[in-house]
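Visitor: Structure supplied as run30.cif; contents: mmCIF, C-alpha atoms and all ligand atoms.
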```
data_data
loop_
_atom_site.group_PDB
_atom_site.id
_atom_site.type_symbol
_atom_site.label_atom_id
_atom_site.label_comp_id
_atom_site.auth_asym_id
_atom_site.auth_seq_id
_atom_site.Cartn_x
_atom_site.Cartn_y
_atom_site.Cartn_z
ATOM 1 C CA MET A 1 -177.831 -31.870 20.891
ATOM 2 C CA PRO A 2 -180.462 -30.720 18.357
ATOM 3 C CA ALA A 3 -181.032 -26.967 18.179
ATOM 4 C CA ASP A 4 -184.417 -25.572 17.147
ATOM 5 C CA ALA A 5 -185.042 -23.576 13.986
ATOM 6 C CA ARG A 6 -183.858 -20.457 15.830
ATOM 7 C CA GLY A 7 -180.585 -22.191 16.675
ATOM 8 C CA ARG A 8 -181.406 -22.507 20.363
ATOM 9 C CA ALA A 9 -180.199 -25.587 22.204
ATOM 10 C CA PRO A 10 -182.305 -27.158 24.958
ATOM 11 C CA ALA A 11 -181.796 -25.791 28.473
ATOM 12 C CA ALA A 12 -179.137 -27.634 30.473
ATOM 13 C CA TRP A 13 -181.633 -28.366 33.290
ATOM 14 C CA ILE A 14 -183.996 -30.106 30.894
ATOM 15 C CA VAL A 15 -181.207 -32.136 29.346
ATOM 16 C CA GLN A 16 -179.870 -33.059 32.786
ATOM 17 C CA TRP A 17 -183.179 -34.449 34.044
ATOM 18 C CA ALA A 18 -184.720 -35.772 30.823
ATOM 19 C CA GLY A 19 -183.738 -39.275 31.891
ATOM 20 C CA LEU A 20 -186.439 -39.153 34.581
ATOM 21 C CA VAL A 21 -189.083 -39.321 31.864
ATOM 22 C CA ALA A 22 -190.209 -42.882 31.104
ATOM 23 C CA PRO A 23 -189.169 -44.150 27.670
ATOM 24 C CA GLY A 24 -191.827 -43.363 25.090
ATOM 25 C CA ALA A 25 -193.946 -41.345 27.529
ATOM 26 C CA ALA A 26 -195.994 -38.496 26.102
ATOM 27 C CA VAL A 27 -194.484 -35.074 26.779
ATOM 28 C CA LEU A 28 -196.235 -31.712 26.951
ATOM 29 C CA ASP A 29 -194.050 -28.706 26.104
ATOM 30 C CA LEU A 30 -196.015 -25.705 27.364
ATOM 31 C CA ALA A 31 -195.325 -22.328 25.726
ATOM 32 C CA ALA A 32 -192.981 -24.208 23.447
ATOM 33 C CA GLY A 33 -191.694 -21.243 21.423
ATOM 34 C CA GLY A 34 -189.318 -22.428 18.711
ATOM 35 C CA GLY A 35 -189.666 -25.965 20.014
ATOM 36 C CA ARG A 36 -186.163 -26.613 21.309
ATOM 37 C CA HIS A 37 -187.494 -28.967 23.995
ATOM 38 C CA ALA A 38 -190.204 -30.425 21.781
ATOM 39 C CA LEU A 39 -187.518 -31.366 19.273
ATOM 40 C CA PHE A 40 -185.193 -32.669 21.978
ATOM 41 C CA PHE A 41 -187.818 -35.055 23.362
ATOM 42 C CA ALA A 42 -189.131 -36.046 19.926
ATOM 43 C CA GLU A 43 -185.606 -37.049 18.942
ATOM 44 C CA ARG A 44 -185.476 -39.181 22.092
ATOM 45 C CA GLY A 45 -188.543 -41.050 20.847
ATOM 46 C CA HIS A 46 -191.279 -39.292 22.812
ATOM 47 C CA PRO A 47 -194.548 -38.115 21.280
ATOM 48 C CA VAL A 48 -194.638 -34.394 22.099
ATOM 49 C CA THR A 49 -197.556 -31.987 22.288
ATOM 50 C CA ALA A 50 -196.218 -28.467 21.853
ATOM 51 C CA VAL A 51 -198.562 -25.658 22.864
ATOM 52 C CA ASP A 52 -198.033 -22.000 22.078
ATOM 53 C CA ARG A 53 -200.081 -19.071 20.812
ATOM 54 C CA ASP A 54 -197.674 -18.987 17.876
ATOM 55 C CA THR A 55 -196.718 -22.441 16.646
ATOM 56 C CA SER A 56 -195.270 -21.223 13.345
ATOM 57 C CA GLY A 57 -191.708 -21.660 14.612
ATOM 58 C CA LEU A 58 -192.134 -25.259 15.735
ATOM 59 C CA PRO A 59 -190.154 -27.929 13.927
ATOM 60 C CA SER A 60 -192.013 -30.134 11.532
ATOM 61 C CA HIS A 61 -191.450 -33.525 13.098
ATOM 62 C CA PRO A 62 -193.583 -36.674 12.954
ATOM 63 C CA ARG A 63 -193.641 -36.923 16.753
ATOM 64 C CA VAL A 64 -194.423 -33.237 17.431
ATOM 65 C CA GLU A 65 -198.094 -32.293 17.621
ATOM 66 C CA PRO A 66 -198.495 -28.507 17.504
ATOM 67 C CA VAL A 67 -201.423 -27.019 19.409
ATOM 68 C CA THR A 68 -202.086 -23.342 18.783
ATOM 69 C CA ALA A 69 -203.784 -21.788 21.779
ATOM 70 C CA ASP A 70 -203.760 -18.565 23.735
ATOM 71 C CA LEU A 71 -203.188 -19.760 27.276
ATOM 72 C CA GLU A 72 -203.980 -16.440 28.913
ATOM 73 C CA ASN A 73 -207.187 -15.135 27.359
ATOM 74 C CA GLY A 74 -209.562 -17.037 29.601
ATOM 75 C CA SER A 75 -210.267 -19.803 27.080
ATOM 76 C CA PRO A 76 -210.705 -23.290 28.516
ATOM 77 C CA TRP A 77 -207.529 -25.343 29.024
ATOM 78 C CA PRO A 78 -206.859 -26.663 25.500
ATOM 79 C CA LEU A 79 -205.841 -30.156 26.628
ATOM 80 C CA ALA A 80 -208.793 -31.035 28.825
ATOM 81 C CA GLY A 81 -208.834 -34.718 29.743
ATOM 82 C CA ARG A 82 -205.358 -35.416 28.385
ATOM 83 C CA ARG A 83 -202.544 -36.740 30.577
ATOM 84 C CA PHE A 84 -198.795 -36.714 29.976
ATOM 85 C CA GLY A 85 -195.780 -38.594 31.297
ATOM 86 C CA ALA A 86 -193.944 -35.280 31.533
ATOM 87 C CA VAL A 87 -194.695 -31.597 31.423
ATOM 88 C CA VAL A 88 -191.864 -29.264 30.432
ATOM 89 C CA VAL A 89 -192.020 -25.512 30.935
ATOM 90 C CA THR A 90 -189.162 -23.076 30.431
ATOM 91 C CA ASN A 91 -189.064 -19.301 30.509
ATOM 92 C CA TYR A 92 -192.806 -18.965 30.906
ATOM 93 C CA LEU A 93 -195.088 -18.247 33.869
ATOM 94 C CA HIS A 94 -198.824 -17.742 33.965
ATOM 95 C CA ARG A 95 -199.944 -18.699 37.445
ATOM 96 C CA PRO A 96 -203.635 -19.381 36.655
ATOM 97 C CA LEU A 97 -202.494 -22.351 34.541
ATOM 98 C CA MET A 98 -200.735 -24.127 37.373
ATOM 99 C CA PRO A 99 -203.639 -26.336 38.549
ATOM 100 C CA ALA A 100 -204.394 -27.597 35.023
ATOM 101 C CA LEU A 101 -200.723 -28.068 34.328
ATOM 102 C CA LEU A 102 -200.172 -30.244 37.407
ATOM 103 C CA ASP A 103 -203.379 -32.193 36.754
ATOM 104 C CA ALA A 104 -202.133 -32.944 33.233
ATOM 105 C CA ILE A 105 -199.268 -35.016 34.656
ATOM 106 C CA GLU A 106 -200.156 -38.667 35.128
ATOM 107 C CA PRO A 107 -199.236 -40.428 38.398
ATOM 108 C CA GLY A 108 -195.536 -41.248 38.250
ATOM 109 C CA GLY A 109 -195.034 -38.584 35.614
ATOM 110 C CA VAL A 110 -192.484 -35.806 35.772
ATOM 111 C CA LEU A 111 -192.525 -32.021 36.003
ATOM 112 C CA LEU A 112 -189.482 -30.221 34.582
ATOM 113 C CA TYR A 113 -189.860 -26.482 35.100
ATOM 114 C CA GLN A 114 -187.383 -23.649 34.835
ATOM 115 C CA THR A 115 -188.116 -19.965 34.712
ATOM 116 C CA PHE A 116 -187.031 -16.603 36.072
ATOM 117 C CA MET A 117 -187.421 -15.679 39.712
ATOM 118 C CA ILE A 118 -187.461 -12.642 41.914
ATOM 119 C CA GLY A 119 -184.083 -10.930 41.674
ATOM 120 C CA ASN A 120 -183.984 -11.202 37.911
ATOM 121 C CA GLU A 121 -185.064 -7.572 37.633
ATOM 122 C CA ARG A 122 -181.413 -6.647 38.345
ATOM 123 C CA PHE A 123 -180.441 -8.146 35.027
ATOM 124 C CA GLY A 124 -183.250 -7.051 32.740
ATOM 125 C CA ARG A 125 -186.406 -8.754 31.578
ATOM 126 C CA PRO A 126 -188.588 -10.280 32.725
ATOM 127 C CA SER A 127 -188.762 -7.870 35.625
ATOM 128 C CA ARG A 128 -192.470 -7.642 36.477
ATOM 129 C CA PRO A 129 -193.533 -9.670 39.526
ATOM 130 C CA GLU A 130 -196.216 -11.586 37.600
ATOM 131 C CA PHE A 131 -193.464 -13.075 35.427
ATOM 132 C CA LEU A 132 -191.079 -13.883 38.284
ATOM 133 C CA LEU A 133 -191.362 -16.830 40.641
ATOM 134 C CA ARG A 134 -191.395 -15.994 44.325
ATOM 135 C CA ASP A 135 -188.797 -17.504 46.633
ATOM 136 C CA GLY A 136 -189.545 -21.238 46.922
ATOM 137 C CA GLU A 137 -192.616 -21.039 44.720
ATOM 138 C CA LEU A 138 -191.937 -24.171 42.663
ATOM 139 C CA LEU A 139 -191.423 -26.168 45.852
ATOM 140 C CA GLU A 140 -194.712 -24.861 47.246
ATOM 141 C CA LEU A 141 -196.431 -25.734 44.003
ATOM 142 C CA VAL A 142 -195.616 -29.448 44.180
ATOM 143 C CA ARG A 143 -195.642 -29.940 47.966
ATOM 144 C CA GLY A 144 -197.651 -32.992 48.995
ATOM 145 C CA ARG A 145 -198.258 -34.151 45.430
ATOM 146 C CA PHE A 146 -194.767 -34.698 44.018
ATOM 147 C CA SER A 147 -191.453 -36.118 45.110
ATOM 148 C CA VAL A 148 -188.737 -33.555 44.420
ATOM 149 C CA THR A 149 -185.644 -34.969 42.714
ATOM 150 C CA ALA A 150 -183.832 -31.679 42.244
ATOM 151 C CA TYR A 151 -184.475 -27.989 42.936
ATOM 152 C CA GLU A 152 -182.357 -24.915 42.490
ATOM 153 C CA ALA A 153 -182.804 -21.186 42.954
ATOM 154 C CA ARG A 154 -179.708 -19.487 41.655
ATOM 155 C CA LEU A 155 -177.898 -17.021 39.493
ATOM 156 C CA VAL A 156 -176.881 -18.368 36.104
ATOM 157 C CA SER A 157 -174.530 -16.804 33.577
ATOM 158 C CA GLU A 158 -175.566 -18.734 30.457
ATOM 159 C CA PRO A 159 -177.041 -17.814 28.024
ATOM 160 C CA ALA A 160 -177.102 -14.540 30.015
ATOM 161 C CA MET A 161 -176.979 -13.465 33.651
ATOM 162 C CA ALA A 162 -180.330 -14.318 35.204
ATOM 163 C CA MET A 163 -181.952 -15.433 38.437
ATOM 164 C CA VAL A 164 -183.761 -18.699 37.812
ATOM 165 C CA GLN A 165 -185.667 -21.292 39.769
ATOM 166 C CA ARG A 166 -185.926 -24.843 38.527
ATOM 167 C CA ILE A 167 -187.355 -28.136 39.611
ATOM 168 C CA ALA A 168 -187.440 -31.772 38.588
ATOM 169 C CA ALA A 169 -190.186 -33.640 40.430
ATOM 170 C CA ARG A 170 -192.188 -36.838 40.098
ATOM 171 C CA LYS A 171 -195.914 -36.996 40.766
ATOM 172 C CA LEU A 172 -196.827 -39.332 43.569
ATOM 173 C CA VAL A 173 -198.693 -42.475 42.565
HETATM 174 C C1 LIG B 201 -189.632 -16.837 26.352
HETATM 175 S S1 LIG B 201 -190.527 -17.855 25.254
HETATM 176 C C2 LIG B 201 -190.059 -19.473 25.839
HETATM 177 C C3 LIG B 201 -190.163 -20.507 24.769
HETATM 178 C C4 LIG B 201 -189.660 -21.899 25.144
HETATM 179 N N1 LIG B 201 -190.324 -22.431 26.303
HETATM 180 C C5 LIG B 201 -188.169 -21.873 25.385
HETATM 181 O O1 LIG B 201 -187.720 -21.796 26.521
HETATM 182 O O2 LIG B 201 -187.456 -21.913 24.378
HETATM 183 C C6 LIG B 201 -192.183 -17.692 25.858
HETATM 184 C C7 LIG B 201 -193.213 -18.358 24.974
HETATM 185 O O3 LIG B 201 -194.479 -18.190 25.573
HETATM 186 C C8 LIG B 201 -195.420 -18.010 24.549
HETATM 187 N N2 LIG B 201 -196.589 -17.306 25.074
HETATM 188 C C9 LIG B 201 -196.604 -16.080 25.656
HETATM 189 N N3 LIG B 201 -197.862 -15.747 25.963
HETATM 190 C C10 LIG B 201 -198.652 -16.776 25.571
HETATM 191 C C11 LIG B 201 -200.042 -17.002 25.607
HETATM 192 N N4 LIG B 201 -200.865 -16.076 26.090
HETATM 193 N N5 LIG B 201 -200.528 -18.167 25.148
HETATM 194 C C12 LIG B 201 -199.685 -19.100 24.638
HETATM 195 N N6 LIG B 201 -198.352 -18.935 24.548
HETATM 196 C C13 LIG B 201 -197.832 -17.771 25.020
HETATM 197 C C14 LIG B 201 -194.694 -17.173 23.527
HETATM 198 O O4 LIG B 201 -195.325 -17.266 22.238
HETATM 199 C C15 LIG B 201 -193.314 -17.761 23.575
HETATM 200 O O5 LIG B 201 -193.149 -18.784 22.619
#
```
Can you give me the file's structure in the form of structure tokens?
Ligand SMILES: C[S@@+](CC[C@H](N)C(=O)[O-])C[C@H]1O[C@@H](n2cnc3c(N)ncnc32)[C@H](O)[C@@H]1O
Guide:
Amino acid sequence: MPADARGRAPAAWIVQWAGLVAPGAAVLDLAAGGGRHALFFAERGHPVTAVDRDTSGLPSHPRVEPVTADLENGSPWPLAGRRFGAVVVTNYLHRPLMPALLDAIEPGGVLLYQTFMIGNERFGRPSRPEFLLRDGELLELVRGRFSVTAYEARLVSEPAMAMVQRIAARKLV
């Protein structure tokens, strides 16, 4: 499993459900950080668009397109008009982006999302409500528009104790 430049391996949830993504489909890695998932999908043959306000840590890879953008300063969605076969988000939540993020998935495309949820404040950061999913929030987000393949809301112990919520869902055609 390729690790990113910071030595971080892809999240187990993303690895587990990556097979839902159609071969060669374009992938958007939102708030990509060091690019562990961008690299993972690029190595699987997908063209990847990796968006972050700081793209300096992204791997240099022929299939990874870095897009430097502040997603929270009120600027227009940086990928207007573009559609992806999968959108991947981990350890990031900015609720105003959700409509654009779901619209960016083409029919039949896949949403893989994992981030912290309410209850995580017992273990440290993030602890502020705006950074923590509410109970069932990812399910509510996709209801009526996606078919849910897998969903979990649970305590994990790796890489550290945390309350997370995660979903793998396919957009209805
Ligand atoms: C906890 S890291 C997660 C990185 C990656 N998704 C992962 O799981 O390895 C959160 C990422 O969100 C990015 N981020 C935070 N605020 C942002 C903003 N306003 N616009 C764009 N990216 C932002 C940070 O630069 C950071 O890379």
Visitor: List the residues matched by the PyMOL selection byres (((chain A and resi 55) around 9) and not hetatm) in the displayed structure as number ranges by chain, ordered by chain and then by residue number.
Guide: A: 32-35, 50-54, 56-59, 66-69
Visitor: Would you translate the PyMOL selection byres (((chain A and resi 6) around 9) and not hetatm) into the concrete set of residues it matches in this file, as a PDB file with C-alpha atoms, in the coordinates of the input?
Guide:
```pdb
ATOM      1  CA  ALA A   3    -181.032 -26.967  18.179  1.00  0.00           C
ATOM      2  CA  ASP A   4    -184.417 -25.572  17.147  1.00  0.00           C
ATOM      3  CA  ALA A   5    -185.042 -23.576  13.986  1.00  0.00           C
ATOM      4  CA  GLY A   7    -180.585 -22.191  16.675  1.00  0.00           C
ATOM      5  CA  ARG A   8    -181.406 -22.507  20.363  1.00  0.00           C
ATOM      6  CA  ALA A   9    -180.199 -25.587  22.204  1.00  0.00           C
ATOM      7  CA  GLY A  34    -189.318 -22.428  18.711  1.00  0.00           C
ATOM      8  CA  ARG A  36    -186.163 -26.613  21.309  1.00  0.00           C
ATOM      9  CA  GLY A  57    -191.708 -21.660  14.612  1.00  0.00           C
TER      10      GLY A  57
END
```
Visitor: What is the distance, in Å and to one decimal place, between CA of His46 in chain A and CA of Ile14 in chain A?
Guide: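 Those two atoms sit 14.2 Å apart.
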Visitor: Enumerate, as an NGL selection string, the protein, DNA and RNA residues whose atoms approach (-202.5, -26.0, 28.6) to within 9 Å, taking into account all atoms listed in the file and the coordinate frame of the file.
Guide: :A and (28 or 30-31 or 51-52 or 69-71 or 76-80 or 97 or 100-101 or 104)
Visitor: Starting from the PyMOL selection byres (((chain A and resi 27) around 6) and not hetatm), expand the selection into actual residues of this file and give them as a PyMOL selection string.
Guide: chain A and resi 26+28+48+84-87
Visitor: What lies within 8 Å of His37 in chain A using only C-alpha atoms, ignoring chain neighbours under 2 positions off, as a ChimeraX atom specification?
Guide: /A:10-11,14,29,32,35,39-41,88
Visitor: Keeping only C-alpha atoms, write those residues as a PDB file, keeping the file's coordinate frame.
Guide:
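Dumped to result.pdb:
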```pdb
ATOM      1  CA  PRO A  10    -182.305 -27.158  24.958  1.00  0.00           C
ATOM      2  CA  ALA A  11    -181.796 -25.791  28.473  1.00  0.00           C
ATOM      3  CA  ILE A  14    -183.996 -30.106  30.894  1.00  0.00           C
ATOM      4  CA  ASP A  29    -194.050 -28.706  26.104  1.00  0.00           C
ATOM      5  CA  ALA A  32    -192.981 -24.208  23.447  1.00  0.00           C
ATOM      6  CA  GLY A  35    -189.666 -25.965  20.014  1.00  0.00           C
ATOM      7  CA  LEU A  39    -187.518 -31.366  19.273  1.00  0.00           C
ATOM      8  CA  PHE A  40    -185.193 -32.669  21.978  1.00  0.00           C
ATOM      9  CA  PHE A  41    -187.818 -35.055  23.362  1.00  0.00           C
ATOM     10  CA  VAL A  88    -191.864 -29.264  30.432  1.00  0.00           C
TER      11      VAL A  88
END
```
Visitor: Determine the axis-aligned bounding box of all atoms of ligand LIG 201 (chain B) present in the file, pad each side by 6 Å, and express its centre and edge lengths in Å to one decimal place as lines of an AutoDock Vina configuration file.
Guide:
```
center_x = -194.2
center_y = -19.1
center_z = 24.4
size_x = 25.4
size_y = 18.7
size_z = 16.3
```
Visitor: Given the choices A:His61, A:Pro159, A:Arg82, A:Pro107, which gets closest to ligand LIG 201 (chain B) if the distance is worked out from only C-alpha atoms and all ligand atoms?
Guide: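 Ranking A:His61, A:Pro159, A:Arg82, A:Pro107 by distance to ligand LIG 201 (chain B), first place goes to A:Pro159.
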Visitor: Got a sec: who's within 12 Å of Ser127 in chain A, counting all atoms listed in the file, leaving out chain neighbours fewer than 3 positions off, as a PyMOL selection string?
Guide: chain A and resi 116-124+130-133+162-163
Visitor: Looking at all atoms listed in the file, which of A:Ala22, A:Gly108, A:Glu152, A:Val15 is the one that sits closest to Ala38 in chain A?
Guide: A:Val15
Visitor: Just how far from CA of Met98 in chain A is CA of Ala12 in chain A, in Å to one decimal?
Guide: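 Those two atoms sit 22.9 Å apart.
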Visitor: Pick from A:Val89, A:Leu139, A:Leu172, A:Val21: nearest to ligand LIG 201 (chain B), with only C-alpha atoms and all ligand atoms counted?
Guide: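 Of A:Val89, A:Leu139, A:Leu172, A:Val21, the one nearest ligand LIG 201 (chain B) is A:Val89, counting only C-alpha atoms and all ligand atoms.
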Visitor: Pick the closest to ligand LIG 201 (chain B) from A:Pro2, A:Pro47, A:Pro99, A:Pro126: which is it, counting all atoms listed in the file?
Guide: A:Pro126
Visitor: When distances are computed from all atoms listed in the file, which of A:Gly136, A:Pro96, A:Pro129, A:Gly109 shows the smallest separation from ligand LIG 201 (chain B)?
Guide: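 Of A:Gly136, A:Pro96, A:Pro129, A:Gly109, the one nearest ligand LIG 201 (chain B), counting all atoms listed in the file, is A:Pro96.
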Visitor: Distance CA of Ala25 in chain A-CA of Phe146 in chain A, one decimal place?
Guide: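 A separation of 17.8 Å between them.
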Visitor: If you count all atoms listed in the file, which residues fall within 8 Å of Trp17 in chain A, apart from same-chain ones fewer than 4 positions away, as JSON, numbers by chain?
Guide: {"A": [13, 21, 112, 168]}
Visitor: A:Ala169, A:Leu93, A:Ile105, A:Leu111: which is nearest ligand LIG 201 (chain B), counting only C-alpha atoms and all ligand atoms?
Guide: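 Between A:Ala169, A:Leu93, A:Ile105, A:Leu111, the residue approaching ligand LIG 201 (chain B) most closely is A:Leu93.
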Visitor: What would range 124-144 of chain A look like with N, CA and C atoms in place, written as an mmCIF file, keeping the file's coordinate frame?
Guide:
```
data_model
loop_
_atom_site.group_PDB
_atom_site.id
_atom_site.type_symbol
_atom_site.label_atom_id
_atom_site.label_comp_id
_atom_site.auth_asym_id
_atom_site.auth_seq_id
_atom_site.Cartn_x
_atom_site.Cartn_y
_atom_site.Cartn_z
ATOM 1 N N GLY A 124 -182.457 -7.394 33.924
ATOM 2 C CA GLY A 124 -183.250 -7.051 32.740
ATOM 3 C C GLY A 124 -184.591 -7.740 32.788
ATOM 4 N N ARG A 125 -185.089 -8.128 31.657
ATOM 5 C CA ARG A 125 -186.406 -8.754 31.578
ATOM 6 C C ARG A 125 -186.322 -10.261 31.676
ATOM 7 N N PRO A 126 -187.408 -10.915 32.162
ATOM 8 C CA PRO A 126 -188.588 -10.280 32.725
ATOM 9 C C PRO A 126 -188.295 -9.665 34.084
ATOM 10 N N SER A 127 -189.003 -8.576 34.368
ATOM 11 C CA SER A 127 -188.762 -7.870 35.625
ATOM 12 C C SER A 127 -190.048 -7.629 36.404
ATOM 13 N N ARG A 128 -191.200 -7.872 35.774
ATOM 14 C CA ARG A 128 -192.470 -7.642 36.477
ATOM 15 C C ARG A 128 -192.787 -8.841 37.358
ATOM 16 N N PRO A 129 -193.299 -8.585 38.560
ATOM 17 C CA PRO A 129 -193.533 -9.670 39.526
ATOM 18 C C PRO A 129 -194.394 -10.805 38.977
ATOM 19 N N GLU A 130 -195.349 -10.504 38.091
ATOM 20 C CA GLU A 130 -196.216 -11.586 37.600
ATOM 21 C C GLU A 130 -195.458 -12.578 36.714
ATOM 22 N N PHE A 131 -194.269 -12.177 36.261
ATOM 23 C CA PHE A 131 -193.464 -13.075 35.427
ATOM 24 C C PHE A 131 -192.297 -13.695 36.187
ATOM 25 N N LEU A 132 -192.214 -13.398 37.483
ATOM 26 C CA LEU A 132 -191.079 -13.883 38.284
ATOM 27 C C LEU A 132 -191.579 -14.764 39.421
ATOM 28 N N LEU A 133 -191.016 -15.946 39.531
ATOM 29 C CA LEU A 133 -191.362 -16.830 40.641
ATOM 30 C C LEU A 133 -190.941 -16.200 41.960
ATOM 31 N N ARG A 134 -191.770 -16.409 42.982
ATOM 32 C CA ARG A 134 -191.395 -15.994 44.325
ATOM 33 C C ARG A 134 -190.410 -17.012 44.905
ATOM 34 N N ASP A 135 -189.734 -16.606 45.966
ATOM 35 C CA ASP A 135 -188.797 -17.504 46.633
ATOM 36 C C ASP A 135 -189.512 -18.812 47.009
ATOM 37 N N GLY A 136 -188.990 -19.937 46.556
ATOM 38 C CA GLY A 136 -189.545 -21.238 46.922
ATOM 39 C C GLY A 136 -190.854 -21.600 46.244
ATOM 40 N N GLU A 137 -191.264 -20.834 45.264
ATOM 41 C CA GLU A 137 -192.616 -21.039 44.720
ATOM 42 C C GLU A 137 -192.788 -22.393 44.038
ATOM 43 N N LEU A 138 -191.774 -22.862 43.332
ATOM 44 C CA LEU A 138 -191.937 -24.171 42.663
ATOM 45 C C LEU A 138 -192.034 -25.299 43.692
ATOM 46 N N LEU A 139 -191.319 -25.156 44.790
ATOM 47 C CA LEU A 139 -191.423 -26.168 45.852
ATOM 48 C C LEU A 139 -192.827 -26.170 46.453
ATOM 49 N N GLU A 140 -193.347 -24.965 46.694
ATOM 50 C CA GLU A 140 -194.712 -24.861 47.246
ATOM 51 C C GLU A 140 -195.724 -25.479 46.302
ATOM 52 N N LEU A 141 -195.491 -25.265 45.019
ATOM 53 C CA LEU A 141 -196.431 -25.734 44.003
ATOM 54 C C LEU A 141 -196.622 -27.248 44.065
ATOM 55 N N VAL A 142 -195.545 -27.983 44.268
ATOM 56 C CA VAL A 142 -195.616 -29.448 44.180
ATOM 57 C C VAL A 142 -195.758 -30.119 45.540
ATOM 58 N N ARG A 143 -195.654 -29.345 46.615
ATOM 59 C CA ARG A 143 -195.642 -29.940 47.966
ATOM 60 C C ARG A 143 -196.861 -30.832 48.197
ATOM 61 N N GLY A 144 -196.582 -32.056 48.659
ATOM 62 C CA GLY A 144 -197.651 -32.992 48.995
ATOM 63 C C GLY A 144 -198.149 -33.815 47.825
#
```
